[in-house]
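One file, protein-v6.cif, carrying mmCIF, C-alpha atoms:
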data_query
#
loop_
_atom_site.label_atom_id
_atom_site.label_comp_id
_atom_site.auth_asym_id
_atom_site.auth_seq_id
_atom_site.Cartn_x
_atom_site.Cartn_y
_atom_site.Cartn_z
CA MET P 1 -213.12 74.76 31.69
CA LYS P 2 -216.52 74.26 30.09
CA PRO P 3 -218.53 71.10 30.68
CA PRO P 4 -218.88 68.70 27.76
CA ALA P 5 -222.30 68.59 26.08
CA PHE P 6 -225.03 66.62 27.80
CA ALA P 7 -228.80 66.42 27.76
CA TYR P 8 -230.79 67.79 30.69
CA GLU P 9 -233.91 66.33 32.25
CA ARG P 10 -235.86 67.82 35.12
CA PRO P 11 -238.38 65.22 36.30
CA GLN P 12 -241.23 66.37 38.52
CA SER P 13 -241.57 63.18 40.54
CA LEU P 14 -239.37 60.45 41.97
CA ASN P 15 -240.97 57.82 39.73
CA GLU P 16 -240.34 59.95 36.68
CA ALA P 17 -236.70 60.38 37.72
CA LEU P 18 -236.29 56.62 38.15
CA GLU P 19 -237.82 56.06 34.72
CA VAL P 20 -235.38 58.48 33.11
CA LEU P 21 -232.45 56.83 34.88
CA ALA P 22 -233.64 53.36 33.82
CA ARG P 23 -234.05 54.50 30.22
CA GLU P 24 -230.71 56.29 29.97
CA GLY P 25 -228.61 53.65 31.73
CA ALA P 26 -225.17 54.03 33.25
CA GLU P 27 -224.32 57.24 31.38
CA ALA P 28 -227.01 59.23 33.19
CA ARG P 29 -226.05 61.07 36.36
CA PRO P 30 -228.41 62.49 38.97
CA LEU P 31 -227.82 66.18 39.69
CA ALA P 32 -228.52 67.25 43.28
CA GLY P 33 -226.82 70.48 44.41
CA GLY P 34 -224.12 70.06 41.79
CA GLN P 35 -221.33 71.50 43.93
CA SER P 36 -219.11 68.47 43.28
CA LEU P 37 -220.58 67.23 40.01
CA ILE P 38 -220.38 70.52 38.09
CA PRO P 39 -216.65 71.01 38.86
CA MET P 40 -216.10 67.41 37.73
CA LEU P 41 -217.89 68.26 34.49
CA ALA P 42 -215.86 71.45 34.05
CA LEU P 43 -212.65 69.50 34.62
CA ARG P 44 -214.03 66.77 32.34
CA LEU P 45 -213.53 64.14 35.03
CA ALA P 46 -217.13 63.11 34.42
CA ARG P 47 -218.81 62.87 31.03
CA PRO P 48 -222.42 61.84 31.53
CA THR P 49 -224.68 61.96 28.49
CA VAL P 50 -227.70 63.02 30.54
CA LEU P 51 -228.04 64.97 33.77
CA VAL P 52 -231.19 64.21 35.73
CA ASP P 53 -231.87 67.29 37.88
CA LEU P 54 -233.55 66.24 41.13
CA GLY P 55 -234.36 69.86 42.02
CA GLY P 56 -237.91 69.72 40.68
CA ILE P 57 -239.03 66.74 42.76
CA ALA P 58 -241.26 67.68 45.68
CA GLY P 59 -240.81 65.95 49.02
CA LEU P 60 -237.09 65.19 48.88
CA ASP P 61 -236.16 68.14 51.08
CA GLU P 62 -238.09 67.34 54.24
CA LEU P 63 -236.72 67.17 57.76
CA SER P 64 -238.63 65.36 60.48
CA LEU P 65 -238.31 63.57 63.77
CA GLU P 66 -239.68 60.02 63.99
CA ASP P 67 -239.27 57.86 67.12
CA GLY P 68 -235.82 59.02 68.10
CA THR P 69 -234.64 59.29 64.51
CA LEU P 70 -233.93 62.41 62.49
CA VAL P 71 -235.11 61.75 58.95
CA ALA P 72 -233.53 64.07 56.41
CA GLY P 73 -234.46 64.10 52.74
CA ALA P 74 -231.57 63.72 50.30
CA MET P 75 -232.21 67.17 48.78
CA VAL P 76 -232.08 69.06 52.07
CA ARG P 77 -229.58 71.86 51.49
CA GLN P 78 -226.50 71.92 53.68
CA ARG P 79 -227.20 75.52 54.67
CA ARG P 80 -230.48 74.40 56.19
CA LEU P 81 -228.85 71.63 58.24
CA GLU P 82 -226.49 74.27 59.56
CA ARG P 83 -229.32 76.45 60.85
CA ASP P 84 -232.47 74.36 61.24
CA PRO P 85 -233.78 74.47 64.84
CA LEU P 86 -234.76 70.78 64.72
CA VAL P 87 -231.18 69.81 63.84
CA ALA P 88 -229.72 72.23 66.39
CA GLN P 89 -231.86 70.76 69.14
CA HIS P 90 -231.64 67.05 68.38
CA LEU P 91 -228.50 66.47 66.32
CA PRO P 92 -226.12 69.41 66.77
CA LEU P 93 -223.28 67.19 65.51
CA LEU P 94 -224.83 67.35 62.04
CA ALA P 95 -224.96 71.16 62.16
CA ALA P 96 -221.36 71.36 63.38
CA ALA P 97 -220.16 68.98 60.65
CA THR P 98 -222.00 71.07 58.06
CA ARG P 99 -220.07 74.19 59.02
CA LEU P 100 -216.90 72.36 57.95
CA VAL P 101 -218.30 71.65 54.46
CA GLY P 102 -216.86 74.07 51.89
CA HIS P 103 -217.99 77.68 52.22
CA PRO P 104 -221.40 79.33 52.74
CA ALA P 105 -221.91 79.80 48.99
CA ILE P 106 -221.27 76.08 48.45
CA ARG P 107 -223.57 75.10 51.30
CA ASN P 108 -226.38 77.27 49.93
CA ARG P 109 -226.62 74.86 46.98
CA GLY P 110 -224.99 71.65 48.22
CA THR P 111 -227.22 68.90 49.58
CA LEU P 112 -226.93 66.19 52.22
CA GLY P 113 -227.72 63.38 49.78
CA GLY P 114 -225.45 64.73 47.09
CA SER P 115 -222.48 64.72 49.43
CA LEU P 116 -223.23 61.20 50.68
CA ALA P 117 -223.79 59.76 47.20
CA HIS P 118 -220.64 61.48 45.92
CA ALA P 119 -218.71 59.67 48.70
CA ASP P 120 -215.58 61.78 48.67
CA PRO P 121 -213.33 60.02 51.20
CA SER P 122 -212.42 63.42 52.68
CA ALA P 123 -216.00 64.59 53.18
CA GLU P 124 -217.58 65.09 56.60
CA TYR P 125 -221.12 63.73 56.13
CA PRO P 126 -220.11 60.13 55.32
CA ALA P 127 -218.14 59.97 58.60
CA VAL P 128 -221.08 61.48 60.52
CA ALA P 129 -223.39 58.85 59.00
CA LEU P 130 -220.93 56.09 59.90
CA ALA P 131 -220.45 57.25 63.49
CA LEU P 132 -224.21 57.56 64.08
CA GLU P 133 -224.92 54.27 62.27
CA ALA P 134 -227.35 56.03 59.99
CA GLU P 135 -229.50 54.20 57.46
CA LEU P 136 -229.49 55.36 53.86
CA VAL P 137 -232.86 55.05 52.14
CA ILE P 138 -232.57 54.12 48.48
CA ARG P 139 -235.21 53.96 45.78
CA GLY P 140 -234.77 51.97 42.61
CA PRO P 141 -236.80 50.33 39.86
CA SER P 142 -237.69 47.43 42.17
CA GLY P 143 -238.72 49.56 45.15
CA GLU P 144 -237.17 50.89 48.32
CA ARG P 145 -234.28 49.50 50.34
CA SER P 146 -232.33 50.71 53.30
CA VAL P 147 -228.56 50.34 53.64
CA PRO P 148 -226.60 50.90 56.85
CA ALA P 149 -223.83 53.49 56.48
CA ARG P 150 -221.14 50.87 57.15
CA GLU P 151 -222.24 49.01 54.00
CA PHE P 152 -222.85 52.10 51.87
CA PHE P 153 -219.37 53.58 51.41
CA LEU P 154 -217.25 51.17 49.38
CA GLY P 155 -214.32 53.27 48.21
CA PRO P 156 -213.41 56.65 46.76
CA PHE P 157 -216.54 58.05 45.07
CA THR P 158 -218.05 54.56 45.19
CA THR P 159 -221.16 53.55 47.09
CA ALA P 160 -223.67 50.72 47.29
CA LEU P 161 -225.96 52.72 44.95
CA ALA P 162 -226.55 50.74 41.76
CA ASP P 163 -227.16 52.33 38.36
CA GLY P 164 -230.73 53.53 38.23
CA GLU P 165 -231.03 53.95 42.00
CA LEU P 166 -231.40 57.18 43.95
CA LEU P 167 -230.61 58.04 47.54
CA THR P 168 -233.82 59.62 48.82
CA ALA P 169 -233.34 60.10 52.57
CA VAL P 170 -231.09 59.46 55.54
CA ARG P 171 -232.28 58.16 58.90
CA PHE P 172 -230.00 59.36 61.71
CA PRO P 173 -230.66 57.61 65.05
CA LEU P 174 -230.39 60.23 67.80
CA PRO P 175 -227.72 59.56 70.42
CA SER P 176 -228.87 59.09 74.03
CA ALA P 177 -228.92 62.07 76.38
CA ALA P 178 -225.77 60.73 78.08
CA THR P 179 -223.80 60.97 74.85
CA GLY P 180 -221.27 63.66 73.99
CA TRP P 181 -220.08 64.34 70.46
CA GLY P 182 -217.07 65.85 68.80
CA ILE P 183 -215.75 66.57 65.34
CA ALA P 184 -212.25 67.74 64.50
CA GLU P 185 -210.31 68.01 61.29
CA VAL P 186 -207.06 69.35 59.90
CA ALA P 187 -207.25 71.13 56.54
CA ARG P 188 -204.83 73.41 54.73
CA ARG P 189 -207.32 76.27 54.68
CA HIS P 190 -210.74 76.79 56.22
CA GLY P 191 -213.30 75.10 53.98
CA ASP P 192 -210.81 72.80 52.26
CA PHE P 193 -211.23 69.07 52.31
CA ALA P 194 -209.77 67.49 55.44
CA LEU P 195 -206.34 65.87 55.41
CA ALA P 196 -207.57 63.96 58.44
CA GLY P 197 -210.72 64.23 60.48
CA ALA P 198 -212.62 62.40 63.18
CA VAL P 199 -216.21 62.24 64.40
CA THR P 200 -216.66 60.93 67.93
CA LEU P 201 -219.55 59.88 70.15
CA LEU P 202 -219.01 59.00 73.82
CA GLU P 203 -221.77 57.51 75.95
CA ARG P 204 -221.24 57.77 79.68
CA ALA P 205 -222.50 55.36 82.34
CA ALA P 206 -223.84 56.50 85.72
CA ASP P 207 -220.44 55.80 87.29
CA GLY P 208 -218.75 58.14 84.82
CA THR P 209 -217.04 55.51 82.69
CA CYS P 210 -217.53 55.08 78.96
CA VAL P 211 -220.18 52.53 77.95
CA ARG P 212 -220.07 53.12 74.21
CA ALA P 213 -217.71 54.91 71.90
CA ALA P 214 -217.92 55.57 68.17
CA ILE P 215 -215.00 57.02 66.24
CA ALA P 216 -215.29 57.56 62.48
CA LEU P 217 -212.27 58.77 60.51
CA PHE P 218 -212.38 60.71 57.26
CA GLY P 219 -209.76 62.04 54.87
CA VAL P 220 -207.34 59.24 55.64
CA ALA P 221 -208.61 56.10 53.92
CA THR P 222 -210.39 55.28 50.67
CA ARG P 223 -213.70 55.57 52.53
CA PRO P 224 -214.77 56.66 56.01
CA VAL P 225 -213.74 54.03 58.56
CA ARG P 226 -214.58 53.24 62.18
CA ALA P 227 -211.59 53.10 64.47
CA THR P 228 -212.79 50.01 66.33
CA ALA P 229 -209.56 49.32 68.25
CA ALA P 230 -209.64 52.86 69.60
CA GLU P 231 -213.34 52.54 70.45
CA GLN P 232 -212.70 49.32 72.39
CA ALA P 233 -209.85 50.98 74.26
CA LEU P 234 -212.35 53.50 75.64
CA VAL P 235 -215.17 51.21 76.77
CA GLY P 236 -215.19 50.68 80.53
CA GLN P 237 -212.57 53.36 81.06
CA PRO P 238 -212.88 56.71 82.81
CA LEU P 239 -213.19 59.69 80.45
CA THR P 240 -209.79 61.19 81.08
CA VAL P 241 -207.15 62.85 78.94
CA GLU P 242 -204.88 59.83 79.47
CA THR P 243 -207.53 57.40 78.25
CA PHE P 244 -208.17 59.56 75.18
CA ARG P 245 -204.47 59.74 74.38
CA GLU P 246 -204.06 55.96 74.58
CA ALA P 247 -207.20 55.30 72.52
CA ALA P 248 -206.29 57.92 69.92
CA ALA P 249 -202.92 56.26 69.37
CA ARG P 250 -204.76 53.11 68.29
CA ALA P 251 -206.97 54.90 65.74
CA THR P 252 -204.48 54.43 62.91
CA GLU P 253 -205.00 50.64 63.13
CA ALA P 254 -208.25 51.16 61.21
CA ILE P 255 -206.52 52.57 58.14
CA ASP P 256 -205.91 49.77 55.66
CA GLU P 257 -205.40 51.79 52.50
CA PRO P 258 -204.16 55.27 53.46
CA LEU P 259 -204.87 58.23 51.19
CA SER P 260 -201.79 59.96 49.86
CA ASP P 261 -201.71 62.90 47.47
CA VAL P 262 -200.10 66.26 46.84
CA HIS P 263 -202.02 67.79 49.75
CA GLY P 264 -200.82 65.30 52.32
CA SER P 265 -198.74 62.14 52.28
CA ALA P 266 -199.97 58.91 53.84
CA ALA P 267 -197.34 59.25 56.56
CA TYR P 268 -198.47 62.78 57.41
CA ARG P 269 -202.12 61.86 57.47
CA LYS P 270 -201.44 58.89 59.73
CA GLN P 271 -199.44 61.07 62.03
CA ILE P 272 -202.25 63.59 62.53
CA VAL P 273 -205.02 60.98 62.95
CA PRO P 274 -204.33 60.54 66.69
CA VAL P 275 -204.34 64.33 67.04
CA VAL P 276 -207.77 64.83 65.48
CA VAL P 277 -209.16 61.80 67.34
CA ARG P 278 -207.92 63.14 70.67
CA ARG P 279 -209.34 66.61 69.95
CA ALA P 280 -212.71 65.17 68.96
CA LEU P 281 -212.78 62.92 72.05
CA GLU P 282 -211.96 65.85 74.32
CA ALA P 283 -214.72 67.89 72.67
CA ALA P 284 -217.17 65.03 73.25
CA ALA P 285 -216.15 64.78 76.92
CA GLN P 286 -216.51 68.53 77.38
CA ARG P 287 -220.03 68.42 75.99
CA LEU P 288 -220.84 65.57 78.39
CA GLN P 289 -219.59 67.64 81.30
CA ALA P 290 -221.73 70.56 80.22
CA THR P 291 -224.92 68.47 80.43
CA MET U 1 -228.43 68.64 22.59
CA GLU U 2 -231.98 69.78 23.13
CA ARG U 3 -232.02 73.31 24.46
CA VAL U 4 -233.91 74.15 27.65
CA PRO U 5 -236.40 77.03 28.00
CA ILE U 6 -235.97 79.05 31.18
CA THR U 7 -237.51 82.14 32.75
CA VAL U 8 -235.32 83.87 35.27
CA THR U 9 -235.44 87.24 37.00
CA VAL U 10 -232.10 89.05 36.82
CA ASN U 11 -231.71 92.33 38.69
CA GLY U 12 -235.47 92.73 38.74
CA ARG U 13 -235.90 92.08 35.02
CA ARG U 14 -237.82 88.98 33.97
CA ILE U 15 -236.02 87.20 31.16
CA SER U 16 -237.07 84.23 29.06
CA ALA U 17 -234.39 82.39 27.14
CA VAL U 18 -233.55 79.04 25.65
CA VAL U 19 -230.20 77.68 26.83
CA GLU U 20 -227.87 74.85 26.05
CA PRO U 21 -227.93 72.37 28.99
CA ARG U 22 -224.21 72.71 29.64
CA MET U 23 -224.28 76.49 29.87
CA THR U 24 -223.49 77.63 33.40
CA LEU U 25 -225.39 80.47 35.01
CA ALA U 26 -222.16 82.50 34.92
CA ASP U 27 -221.83 82.12 31.16
CA PHE U 28 -225.53 82.88 30.71
CA LEU U 29 -225.18 86.14 32.64
CA ARG U 30 -222.00 87.16 30.86
CA GLU U 31 -222.49 85.88 27.32
CA GLU U 32 -226.25 86.01 26.85
CA LEU U 33 -227.14 89.01 29.00
CA GLY U 34 -223.88 90.95 28.69
CA LEU U 35 -223.59 91.26 32.47
CA THR U 36 -219.82 90.97 32.57
CA GLY U 37 -219.56 92.34 36.10
CA THR U 38 -219.76 88.69 37.17
CA LYS U 39 -216.18 87.48 36.86
CA LEU U 40 -214.93 84.02 36.04
CA GLY U 41 -211.71 83.05 37.75
CA CYS U 42 -211.32 79.30 38.19
CA GLU U 43 -214.60 77.99 36.74
CA HIS U 44 -214.67 75.09 39.16
CA GLY U 45 -215.88 76.56 42.41
CA VAL U 46 -212.66 77.50 44.16
CA CYS U 47 -212.19 81.26 43.78
CA GLY U 48 -215.62 82.79 44.44
CA SER U 49 -215.26 85.50 41.75
CA CYS U 50 -218.51 84.47 40.08
CA THR U 51 -220.63 84.74 43.24
CA VAL U 52 -224.15 86.06 42.63
CA LEU U 53 -227.25 86.19 44.81
CA TRP U 54 -229.87 83.51 44.19
CA ASP U 55 -233.08 84.41 46.02
CA GLY U 56 -230.84 86.51 48.27
CA ALA U 57 -228.31 83.77 49.09
CA ALA U 58 -224.72 83.79 47.78
CA VAL U 59 -224.05 81.06 45.22
CA ARG U 60 -221.29 80.39 42.74
CA SER U 61 -222.70 80.96 39.30
CA CYS U 62 -220.06 78.71 37.73
CA LEU U 63 -221.43 75.79 39.79
CA VAL U 64 -225.03 76.07 38.66
CA LEU U 65 -226.43 75.45 35.24
CA ALA U 66 -228.53 78.17 33.66
CA ALA U 67 -231.17 75.47 33.18
CA GLN U 68 -231.35 74.99 36.96
CA ALA U 69 -232.01 78.70 37.44
CA ASP U 70 -235.48 78.48 35.90
CA GLY U 71 -237.74 80.47 38.23
CA ALA U 72 -234.88 81.89 40.29
CA ASN U 73 -234.37 85.51 41.27
CA ILE U 74 -230.75 86.46 40.56
CA THR U 75 -228.91 89.60 41.62
CA THR U 76 -225.56 90.43 40.04
CA ILE U 77 -223.17 93.25 40.87
CA GLU U 78 -224.94 95.35 38.22
CA GLY U 79 -228.15 95.11 40.25
CA LEU U 80 -226.87 96.66 43.47
CA ALA U 81 -226.61 100.38 42.75
CA THR U 82 -229.89 102.29 42.46
CA ASP U 83 -230.23 105.41 40.30
CA GLY U 84 -226.50 105.98 40.27
CA THR U 85 -226.13 105.65 44.03
CA LEU U 86 -223.79 102.91 45.18
CA HIS U 87 -225.10 100.18 47.46
CA PRO U 88 -223.80 100.74 51.04
CA VAL U 89 -221.44 97.78 50.68
CA GLN U 90 -220.07 99.15 47.39
CA GLN U 91 -219.68 102.58 49.01
CA ALA U 92 -217.82 101.04 51.95
CA PHE U 93 -215.49 99.12 49.61
CA TRP U 94 -214.66 102.42 47.95
CA GLU U 95 -214.14 104.28 51.22
CA ALA U 96 -212.03 101.55 52.83
CA HIS U 97 -209.88 101.00 49.72
CA ALA U 98 -211.04 97.39 49.60
CA LEU U 99 -210.13 96.81 45.98
CA GLN U 100 -206.92 96.82 44.05
CA CYS U 101 -207.25 95.10 40.67
CA GLY U 102 -210.98 94.68 41.28
CA PHE U 103 -211.37 91.21 39.83
CA CYS U 104 -212.61 89.59 43.05
CA THR U 105 -214.66 92.64 44.04
CA PRO U 106 -218.07 91.71 42.61
CA GLY U 107 -217.93 88.33 44.36
CA MET U 108 -216.67 89.88 47.59
CA VAL U 109 -219.35 92.59 47.56
CA LEU U 110 -222.22 90.18 46.87
CA THR U 111 -220.97 87.74 49.50
CA ALA U 112 -220.85 90.63 51.99
CA VAL U 113 -224.36 91.77 50.99
CA ALA U 114 -225.68 88.25 51.69
CA LEU U 115 -223.85 88.15 55.03
CA LEU U 116 -225.16 91.53 56.22
CA ALA U 117 -228.71 90.70 55.16
CA GLU U 118 -228.80 87.85 57.63
CA ASN U 119 -226.33 89.15 60.21
CA PRO U 120 -226.28 92.98 60.37
CA ASN U 121 -223.66 93.02 63.12
CA PRO U 122 -221.07 90.35 62.30
CA SER U 123 -217.86 89.91 64.28
CA GLU U 124 -214.57 90.08 62.42
CA GLU U 125 -214.35 86.29 62.67
CA GLU U 126 -217.82 85.92 61.15
CA ILE U 127 -216.85 88.25 58.30
CA ARG U 128 -213.70 86.24 57.62
CA GLU U 129 -215.70 83.00 57.76
CA ALA U 130 -218.29 84.37 55.31
CA LEU U 131 -215.59 85.58 52.91
CA SER U 132 -213.42 82.47 53.26
CA GLY U 133 -214.59 81.11 49.92
CA ASN U 134 -213.56 84.24 48.00
CA LEU U 135 -209.94 84.61 46.92
CA CYS U 136 -208.28 88.00 46.38
CA ARG U 137 -205.19 87.62 44.22
CA CYS U 138 -203.95 91.04 45.37
CA THR U 139 -204.27 89.68 48.94
CA GLY U 140 -206.09 92.82 50.02
CA TYR U 141 -208.03 90.99 52.69
CA GLN U 142 -207.45 93.44 55.56
CA ASN U 143 -209.23 96.28 53.82
CA ILE U 144 -211.95 94.00 52.51
CA VAL U 145 -212.77 92.95 56.07
CA ARG U 146 -212.64 96.61 57.16
CA ALA U 147 -215.01 97.55 54.34
CA VAL U 148 -217.55 94.98 55.48
CA GLN U 149 -217.28 96.28 59.04
CA LEU U 150 -217.76 99.83 57.73
CA ALA U 151 -220.75 98.81 55.64
CA ALA U 152 -222.29 97.12 58.67
CA ARG U 153 -221.83 100.29 60.73
CA HIS U 154 -223.32 102.46 57.97
CA GLU U 155 -226.27 100.17 57.45
CA ARG U 156 -226.98 99.96 61.19
CA ALA U 157 -226.80 103.75 61.39
CA GLY U 158 -229.16 103.93 58.41
CA THR U 159 -226.80 106.05 56.36
#

Here is the file; what I need is its structure written in the form of structure tokens.
Amino acid sequence: MKPPAFAYERPQSLNEALEVLAREGAEARPLAGGQSLIPMLALRLARPTVLVDLGGIAGLDELSLEDGTLVAGAMVRQRRLERDPLVAQHLPLLAAATRLVGHPAIRNRGTLGGSLAHADPSAEYPAVALALEAELVIRGPSGERSVPAREFFLGPFTTALADGELLTAVRFPLPSAATGWGIAEVARRHGDFALAGAVTLLERAADGTCVRAAIALFGVATRPVRATAAEQALVGQPLTVETFREAAARATEAIDEPLSDVHGSAAYRKQIVPVVVRRALEAAAQRLQAT
Amino acid sequence: MERVPITVTVNGRRISAVVEPRMTLADFLREELGLTGTKLGCEHGVCGSCTVLWDGAAVRSCLVLAAQADGANITTIEGLATDGTLHPVQQAFWEAHALQCGFCTPGMVLTAVALLAENPNPSEEEIREALSGNLCRCTGYQNIVRAVQLAARHERAGT
């Protein structure tokens, strides 16, 4: 259970990091919080020749509010997202999702960007980014580009990041004041990866019906997916338990390639998807009522 | 592979060393510094036995490289007692019979120390949540939770 040998670089600037990645090619791996990468090294599932530690680069761990958008640096630690007053006030969904990530000792080191770039299909942050239609800010040798979450997650542990590119920040658009949110998951033990999970956003019109719904599923497909049929079943409808039940039943239509492993079969995961969707919708509706 | 120079403070002692990049902080503490109180159970971040304090926060020393710890302030189980007097959390573990084989104990104690530093009056649920990443193979969880509650009472009472 010891990692294979690799070289270690700790660049002091983003440009220096990009230079190292360009020089070392596909066998170099960026190291953020390391809470997924180091186990993969120990299990020898990954064998990079060089680790490029992003921990020495200033400016990648900033949190700010810009025109209705929460901008979070890729190296912001998960523990901070859990407790930061700015996040608590403007995007409590992100704090709630963070509390479902691993355990406190993991979150003390783990980062937002590391989790997103790792793209575990069972992870919470990718689904949060997808539900909020976040933009992922990427820097590479040819400059900066921005990729919407729906185009970023391509498959298990696979993203739109090319070799030599780094995720530097995430731009989360803040939901309107008339929006409620929910997150629910089923896991074997607290802190385990989800066997099925859902992130929901419900926007309510003045007449009390739903004007916009976002439902992102995680832990059930090869990447986080939006349950569009279920979303459409909610729009224009009153926010009632019956509506949620009917919409939740349609959530499985979004799952094209179901995950199936020793922790949970595809059939089991599909069976609990409507349950987590309904719970997350009810949580969103309750938060709307509380406002 | 080119070795990496680091300077790290461990239990108040400033240490300079040159480490292999792949050496984890846990192996550095155990093999290079002889601080074998830090236990290695799973070595991939599941069991919590190797938990240490990094600038006061609980982290898994098997999931950080020694090279990353350059400049960090690390506390291991060896750094808790002062002049032969147990730390209040250690004392409470003793009094509440919160250890059987003792393998998970250093990780449990340090996780509890981190919890009480930020939340001196945790509920039972908060204690269980904080300890959820630490496995006890003897399954002695009831007394571990009681020990943390006892430590919290002692610390609040200033004893």

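Within 7 Å of chain P, chain U contributes the residues Met1, Glu2, Pro21, Arg22, Glu43, His44, Gly45, Ala57, Ala58, Val59, Arg60, Leu63, Val64, Ala130, Ser132 and Gly133 of chain U, using all atoms listed in the file.
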
Expansion of the PyMOL selection byres ((chain U and resi 38) around 12) into residues, as a PyMOL selection string
chain U and resi 25-31+33-37+39-41+43+48-53+59-62+74-79+102-110

Residue members of the PyMOL selection byres ((chain P and resi 215) around 6) in the file shown, as an MDAnalysis selection string:
chainID P and resid 199:200 214 216 226:227

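Proximity ranking of U:Val10, U:Ile127, U:Leu150, U:Cys42 relative to U:Gly56 places U:Val10 first, based on all atoms listed in the file.
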
Interatomic distance between atom CA of U:Trp54 and atom CA of U:Asn73?
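Atom-to-atom, atom CA of U:Trp54 to atom CA of U:Asn73, that is 5.7 Å.
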
List the spatial neighbours of stretch 130-136 of chain P as a count of residues only - criterion: any atom at most 8 Å away, all atoms listed in the file, same-chain residues fewer than 3 positions off excluded.
26
